[in-house]
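Text of the file coords.csv, holding CSV, C-alpha atoms:
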chain,number,residue,atom,x,y,z
A,256,MET,CA,0.0,0.0,0.0
A,257,LYS,CA,2.9,2.4,0.8
A,258,TYR,CA,4.5,1.6,-2.5
A,259,ALA,CA,1.2,2.4,-4.3
A,260,LEU,CA,1.0,5.7,-2.6
A,261,LEU,CA,4.6,6.5,-3.5
A,262,LEU,CA,3.9,5.8,-7.2
A,263,LEU,CA,0.8,8.1,-6.9
A,264,VAL,CA,2.9,10.9,-5.5
A,265,VAL,CA,5.6,10.5,-8.2
A,266,PHE,CA,2.8,10.6,-10.9
A,267,LEU,CA,1.3,13.8,-9.5
A,268,MET,CA,4.7,15.5,-9.3
A,269,SER,CA,5.4,14.7,-12.9
A,270,CYS,CA,2.3,16.3,-14.2
A,271,GLY,CA,2.5,19.6,-16.0
A,272,GLN,CA,0.8,22.8,-15.2
A,273,GLY,CA,-1.9,22.5,-17.8
A,274,LYS,CA,-5.6,22.4,-16.8
A,275,LYS,CA,-5.9,18.8,-18.1
A,276,TYR,CA,-3.4,17.5,-15.6
A,277,HIS,CA,-5.0,19.4,-12.7
A,278,ASP,CA,-8.3,17.7,-13.6
A,279,GLU,CA,-6.7,14.3,-13.6
A,280,GLU,CA,-4.9,14.9,-10.3
A,281,LYS,CA,-8.2,15.7,-8.6
A,282,SER,CA,-9.8,12.6,-10.0
A,283,VAL,CA,-7.0,10.3,-9.1
A,284,ALA,CA,-6.7,11.7,-5.6
A,285,ALA,CA,-10.5,11.4,-5.0
A,286,LYS,CA,-10.5,7.8,-6.2
A,287,SER,CA,-7.5,7.0,-4.0
A,288,ASP,CA,-9.3,8.4,-0.9
A,289,LEU,CA,-12.4,6.3,-1.6
A,290,ILE,CA,-10.3,3.1,-2.0
A,291,ALA,CA,-8.4,3.9,1.2
A,292,ASP,CA,-11.7,4.3,3.0
A,293,ILE,CA,-13.0,0.9,1.7
A,294,LEU,CA,-9.7,-0.8,2.7
A,295,GLU,CA,-9.9,0.7,6.2
A,296,TYR,CA,-13.5,-0.6,6.5
A,297,GLN,CA,-12.4,-4.1,5.6
A,298,LYS,CA,-9.6,-3.9,8.1
A,299,GLU,CA,-12.1,-2.9,10.9
A,300,GLN,CA,-14.4,-5.7,10.0
A,301,ASN,CA,-11.6,-8.3,10.2
A,302,GLU,CA,-10.4,-6.8,13.5
A,303,SER,CA,-13.9,-7.0,14.9
A,304,LEU,CA,-14.3,-10.6,14.0
A,305,LYS,CA,-10.9,-11.4,15.6
A,306,ASP,CA,-11.7,-9.7,18.8
A,307,PRO,CA,-13.3,-12.1,21.3
A,308,ASP,CA,-15.3,-9.3,22.9
A,309,SER,CA,-17.0,-8.3,19.7
A,310,SER,CA,-16.8,-11.3,17.4
A,311,PRO,CA,-19.9,-13.3,16.6
A,312,LEU,CA,-17.6,-16.2,15.6
A,313,PRO,CA,-17.6,-19.3,17.9
A,314,ASP,CA,-14.2,-19.9,19.5
A,315,LYS,CA,-13.6,-22.9,17.2
A,316,TYR,CA,-13.8,-20.6,14.1
A,317,ARG,CA,-12.3,-17.5,15.6
A,318,LYS,CA,-9.0,-19.0,16.8
A,319,ASP,CA,-8.1,-19.8,13.2
A,320,PHE,CA,-9.8,-16.8,11.6
A,321,GLU,CA,-7.4,-14.9,9.3
A,322,GLY,CA,-9.8,-12.5,7.5
A,323,LEU,CA,-13.1,-12.2,5.5
A,324,ASP,CA,-13.2,-12.7,1.8
A,325,PHE,CA,-14.1,-9.4,0.1
A,326,PHE,CA,-14.7,-8.3,-3.4
A,327,GLU,CA,-12.0,-6.0,-4.7
A,328,PRO,CA,-12.8,-2.3,-3.8
A,329,ASP,CA,-14.8,-0.8,-6.7
A,330,THR,CA,-15.9,2.8,-6.7
A,331,THR,CA,-18.5,2.1,-9.3
A,332,TYR,CA,-20.5,0.6,-6.4
A,333,ILE,CA,-20.6,3.8,-4.6
A,334,VAL,CA,-23.8,5.4,-5.7
A,335,LYS,CA,-25.5,8.8,-5.0
A,336,ALA,CA,-29.2,8.0,-4.6
A,337,HIS,CA,-32.1,10.4,-4.7
A,338,PHE,CA,-33.7,9.8,-1.3
A,339,VAL,CA,-37.4,10.3,-1.1
A,340,ARG,CA,-38.6,10.3,2.5
A,341,THR,CA,-41.9,8.5,3.5
A,342,PRO,CA,-43.2,10.3,6.6
A,343,ASP,CA,-46.6,8.7,6.3
A,344,ALA,CA,-45.3,5.1,6.3
A,345,GLU,CA,-46.9,2.8,8.8
A,346,PRO,CA,-44.7,0.8,11.2
A,347,PHE,CA,-44.4,-2.9,10.7
A,348,LEU,CA,-42.8,-6.0,12.2
A,349,MET,CA,-39.8,-7.2,10.4
A,350,PRO,CA,-39.4,-11.0,10.8
A,351,SER,CA,-36.0,-12.6,11.6
A,352,THR,CA,-34.2,-15.9,11.4
A,353,THR,CA,-35.7,-16.7,14.8
A,354,ASP,CA,-39.1,-15.9,16.4
A,355,ARG,CA,-37.9,-12.4,17.2
A,356,GLN,CA,-39.4,-9.4,15.3
A,357,THR,CA,-38.2,-5.8,15.2
A,358,GLN,CA,-40.5,-2.8,14.8
A,359,GLU,CA,-39.4,-0.9,11.7
A,360,VAL,CA,-40.7,1.9,9.5
A,361,VAL,CA,-39.8,2.8,5.9
A,362,TYR,CA,-37.9,6.0,6.5
A,363,GLY,CA,-37.4,6.6,2.8
A,364,ILE,CA,-36.8,5.1,-0.7
A,365,ALA,CA,-33.5,5.4,-2.4
A,366,HIS,CA,-33.6,5.7,-6.2
A,367,PHE,CA,-30.3,5.2,-8.1
A,368,SER,CA,-28.5,3.8,-11.1
A,369,LEU,CA,-26.2,0.8,-10.9
A,370,ASN,CA,-24.8,-1.5,-13.6
A,371,GLY,CA,-26.5,0.6,-16.2
A,372,GLU,CA,-30.0,0.1,-14.8
A,373,GLU,CA,-32.3,2.1,-12.5
A,374,HIS,CA,-33.1,0.6,-9.1
A,375,GLN,CA,-34.8,1.5,-5.8
A,376,LEU,CA,-34.5,0.2,-2.3
A,377,GLU,CA,-36.4,0.8,0.9
A,378,VAL,CA,-34.4,2.2,3.8
A,379,TYR,CA,-35.6,1.4,7.3
A,380,GLN,CA,-35.5,3.0,10.7
A,381,SER,CA,-35.8,0.8,13.8
A,382,LEU,CA,-38.4,2.1,16.2
A,383,ASP,CA,-36.9,-0.2,18.8
A,384,LEU,CA,-33.8,2.0,18.8
A,385,MET,CA,-35.4,5.4,18.8
A,386,ASP,CA,-34.6,6.0,22.6
A,387,ASP,CA,-31.0,5.2,22.1
A,388,GLU,CA,-28.9,8.4,21.3
A,389,GLU,CA,-26.3,6.3,19.6
A,390,TYR,CA,-28.8,5.2,17.0
A,391,GLU,CA,-30.9,8.4,16.6
A,392,ASP,CA,-29.5,9.0,13.1
A,393,TYR,CA,-29.1,5.3,12.1
A,394,LEU,CA,-30.8,3.8,9.0
A,395,PHE,CA,-30.8,0.2,8.0
A,396,LEU,CA,-30.5,-1.0,4.4
A,397,PRO,CA,-30.8,-4.8,3.9
A,398,PHE,CA,-30.8,-6.0,0.3
A,399,LEU,CA,-30.7,-9.1,-2.0
A,400,ASP,CA,-29.0,-9.4,-5.3
A,401,ASN,CA,-28.0,-11.9,-8.0
A,402,THR,CA,-24.8,-12.9,-6.3
A,403,ASN,CA,-26.8,-14.4,-3.3
A,404,GLY,CA,-26.3,-18.2,-3.0
A,405,GLU,CA,-23.3,-18.1,-5.2
A,406,GLU,CA,-20.6,-15.6,-4.3
A,407,THR,CA,-22.5,-14.1,-1.3
A,408,TYR,CA,-24.7,-15.3,1.5
A,409,GLY,CA,-28.1,-16.6,0.2
A,410,GLY,CA,-30.1,-14.5,2.6
A,411,GLY,CA,-28.7,-11.2,1.5
A,412,ARG,CA,-26.5,-8.5,3.1
A,413,TYR,CA,-26.8,-5.3,5.2
A,414,ILE,CA,-25.5,-1.8,4.9
A,415,ASP,CA,-25.5,0.8,7.8
A,416,LEU,CA,-26.4,4.3,6.9
A,417,THR,CA,-26.9,7.7,8.5
A,418,ILE,CA,-29.9,10.0,7.9
A,419,PRO,CA,-28.7,12.6,5.3
A,420,GLU,CA,-29.4,16.3,5.6
A,421,GLY,CA,-30.8,16.7,2.1
A,422,ASP,CA,-32.3,14.4,-0.5
A,423,THR,CA,-29.1,12.7,-1.6
A,424,LEU,CA,-28.1,9.4,0.1
A,425,VAL,CA,-24.6,7.9,-0.6
A,426,ILE,CA,-24.7,4.1,-0.6
A,427,ASP,CA,-21.4,2.3,-0.6
A,428,PHE,CA,-22.0,-1.3,-1.5
A,429,ASN,CA,-18.3,-2.0,-0.8
A,430,LYS,CA,-19.5,-1.8,2.9
A,431,ALA,CA,-22.1,-4.5,2.5
A,432,TYR,CA,-21.7,-7.0,5.4
A,433,ASN,CA,-23.1,-10.4,6.4
A,434,PRO,CA,-25.8,-10.8,9.0
A,435,TYR,CA,-24.2,-12.2,12.2
A,436,CYS,CA,-26.3,-15.4,11.9
A,437,VAL,CA,-24.0,-16.3,9.0
A,438,TYR,CA,-21.2,-16.8,11.5
A,439,ASN,CA,-23.2,-18.1,14.5
A,440,LYS,CA,-26.8,-19.5,14.5
A,441,LYS,CA,-27.4,-18.2,18.0
A,442,TYR,CA,-28.0,-14.7,16.5
A,443,SER,CA,-31.3,-13.4,15.4
A,444,CYS,CA,-31.0,-11.6,12.0
A,445,PRO,CA,-33.7,-9.6,10.2
A,446,LEU,CA,-34.9,-11.1,7.0
A,447,VAL,CA,-34.5,-9.0,3.9
A,448,PRO,CA,-37.9,-7.8,2.5
A,449,ARG,CA,-38.5,-9.2,-0.9
A,450,GLN,CA,-39.0,-5.7,-2.3
A,451,ASN,CA,-35.3,-5.0,-1.6
A,452,TYR,CA,-34.2,-7.4,-4.3
A,453,LEU,CA,-31.8,-5.9,-6.8
A,454,ARG,CA,-32.0,-7.7,-10.1
A,455,THR,CA,-28.3,-7.3,-10.8
A,456,LYS,CA,-25.1,-8.6,-9.4
A,457,VAL,CA,-23.6,-6.5,-6.7
A,458,ARG,CA,-20.0,-7.7,-6.8
A,459,ALA,CA,-18.9,-5.5,-3.9
A,460,GLY,CA,-18.6,-5.9,-0.1
A,461,VAL,CA,-18.1,-9.1,1.8
A,462,LYS,CA,-18.5,-12.5,0.2
A,463,ASN,CA,-20.0,-15.6,1.7
A,464,PHE,CA,-18.3,-17.0,4.8
A,465,ASN,CA,-16.6,-20.4,4.4
A,466,LYS,CA,-16.4,-22.2,7.7
A,467,ASP,CA,-14.2,-25.0,6.2
As structure tokens, the full file:
Amino acid sequence: MKYALLLLVVFLMSCGQGKKYHDEEKSVAAKSDLIADILEYQKEQNESLKDPDSSPLPDKYRKDFEGLDFFEPDTTYIVKAHFVRTPDAEPFLMPSTTDRQTQEVVYGIAHFSLNGEEHQLEVYQSLDLMDDEEYEDYLFLPFLDNTNGEETYGGGRYIDLTIPEGDTLVIDFNKAYNPYCVYNKKYSCPLVPRQNYLRTKVRAGVKNFNKD
């Protein structure tokens, strides 16, 4: 990683003073920052699963755990969605992998383009967490896609979001993670609503977990 950054610095220093090169410099720097952010997220995910205090992994898997399998970071899977709030949405009970249910409400609908097609996803707010200051701005985005059951977990993946100030919601599919029940059946994980099925392959984020 240090070597790649060194090459980037050398490249930028070699650029001329023309406007064209200044534009390229901004583009390269911005993309580099995004990739660095994704790699830092992956590092944090691995550290969390290695930590006995935070890991959902049973001891028999955690002691030999070396790291999750991720897709390569890809900035094309960072989308800026038009976010339409739904203040009149009725609360509902979201089922889980156990008998537990969570009280959710559709906070808004994200409209975006991905892989050359238009999509939309419901974004949820948990009413069970409303009294917790830590989660007052938290939004939950579970989704299904055409990699499920092959490259990724068959039950779909999750993304954590924060309530945006305006009507633009940035969704980074590189930060899609597995429900904890993938690692340990003792956890209760919300089931992804069928309306949040993306009819495309989202080859970003974490892949399925192989326990072998």
Out of A:Ser443, A:Ser309, A:Tyr296, A:Asn463, which residue has the shortest atom-to-atom distance to A:Arg355 when counting all atoms listed in the file?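 Checking each candidate against A:Arg355, we get A:Ser443 as the closest.
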Can you tell me which residues surround stretch 339-344 of chain A at a distance of at most 7 Å, considering all atoms listed in the file, apart from same-chain residues fewer than 5 positions away, and format the answer as a ChimeraX atom specification? /A:360-365,422
Could you save those same residues with C-alpha atoms as a short mmCIF file (atom, residue, chain, number, x, y, z; two decimals), in the coordinates of the input?
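Generated file (again-v9.cif):
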data_model
loop_
_atom_site.label_atom_id
_atom_site.label_comp_id
_atom_site.auth_asym_id
_atom_site.auth_seq_id
_atom_site.Cartn_x
_atom_site.Cartn_y
_atom_site.Cartn_z
CA VAL A 360 -40.70 1.90 9.50
CA VAL A 361 -39.80 2.80 5.90
CA TYR A 362 -37.90 6.00 6.50
CA GLY A 363 -37.40 6.60 2.80
CA ILE A 364 -36.80 5.10 -0.70
CA ALA A 365 -33.50 5.40 -2.40
CA ASP A 422 -32.30 14.40 -0.50
#
Excluding A:His374 and its own-chain neighbours fewer than 6 positions away, which residues fall within 10 Å of it when counting all atoms listed in the file? Please give them as a compact mmCIF listing (two decimals) with C-alpha atoms, in the coordinates of the input.
# COMPACT_ATOMS: atom_id res chain seq x y z
CA ALA A 336 -29.20 8.00 -4.60
CA ALA A 365 -33.50 5.40 -2.40
CA HIS A 366 -33.60 5.70 -6.20
CA PHE A 367 -30.30 5.20 -8.10
CA SER A 368 -28.50 3.80 -11.10
CA ASN A 451 -35.30 -5.00 -1.60
CA TYR A 452 -34.20 -7.40 -4.30
CA LEU A 453 -31.80 -5.90 -6.80
CA ARG A 454 -32.00 -7.70 -10.10
CA THR A 455 -28.30 -7.30 -10.80
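Between A:Pro434 and the residues A:Thr357, A:Thr417, A:Phe326, A:Ser351, the shortest atom-to-atom distance, using only C-alpha atoms, involves A:Ser351.
Take atom CA of A:Ile333 and atom CA of A:Pro419: the distance between them is 15.5 Å.
Proximity of A:Pro397, A:Gly371, A:Pro346, A:Pro307 to A:Asn433, computed with all atoms listed in the file, is greatest for A:Pro397.
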For each of A:Glu321, A:Asp392, A:Glu373, A:Asp427, take the minimum atom-to-atom distance to A:Gly460, counting all atoms listed in the file, then give the residue where this is smallest.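 Of the candidates, the smallest distance to A:Gly460 is held by A:Asp427.
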Work out how far apart atom CA of A:Met349 and atom CA of A:Leu446 are and give it in Å to one decimal.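 Computed distance, atom CA of A:Met349 to atom CA of A:Leu446, equals 7.1 Å.
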Restricting the calculation to only C-alpha atoms, which member of A:Phe398, A:Phe338, A:Phe464, A:Tyr390 is positioned closest to A:Leu424?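 Comparing A:Phe398, A:Phe338, A:Phe464, A:Tyr390 against A:Leu424, the winner is A:Phe338.
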Env of A:Glu406: 12 Å cut, atoms = only C-alpha atoms, seq-sep filter 6 positions within chain, self excluded. Answer as a list of chain:residue names. A:Asp324, A:Phe325, A:Phe326, A:Asp400, A:Arg412, A:Lys456, A:Val457, A:Arg458, A:Ala459, A:Gly460, A:Val461, A:Lys462, A:Asn463, A:Phe464, A:Asn465
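As for atom CA of A:Ile290 and atom CA of A:Ser303, they are spaced 20.0 Å apart.
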Pick out the closest residue to A:Lys315 from this set: A:Lys430, A:Lys466, A:Arg449, A:Lys441. Count all atoms listed in the file.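 Residue with the minimum atom-to-atom distance to A:Lys315: A:Lys466.
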Emit as lines of an AutoDock Vina configuration file the padded axis-aligned box for all listed atoms of stretch 293-302 of chain A, 5 Å per side, with centre and edge lengths in Å to one decimal.
center_x = -12.0
center_y = -3.7
center_z = 7.6
size_x = 14.8
size_y = 19.2
size_z = 21.8
Select, counting all atoms listed in the file, all protein, DNA and RNA residues no farther than 6 Å from (-25.5, -15.0, 3.9) in file coordinates, and express the selection as JSON, numbers by chain. {"A": [408, 409, 410, 411, 433, 437, 463]}
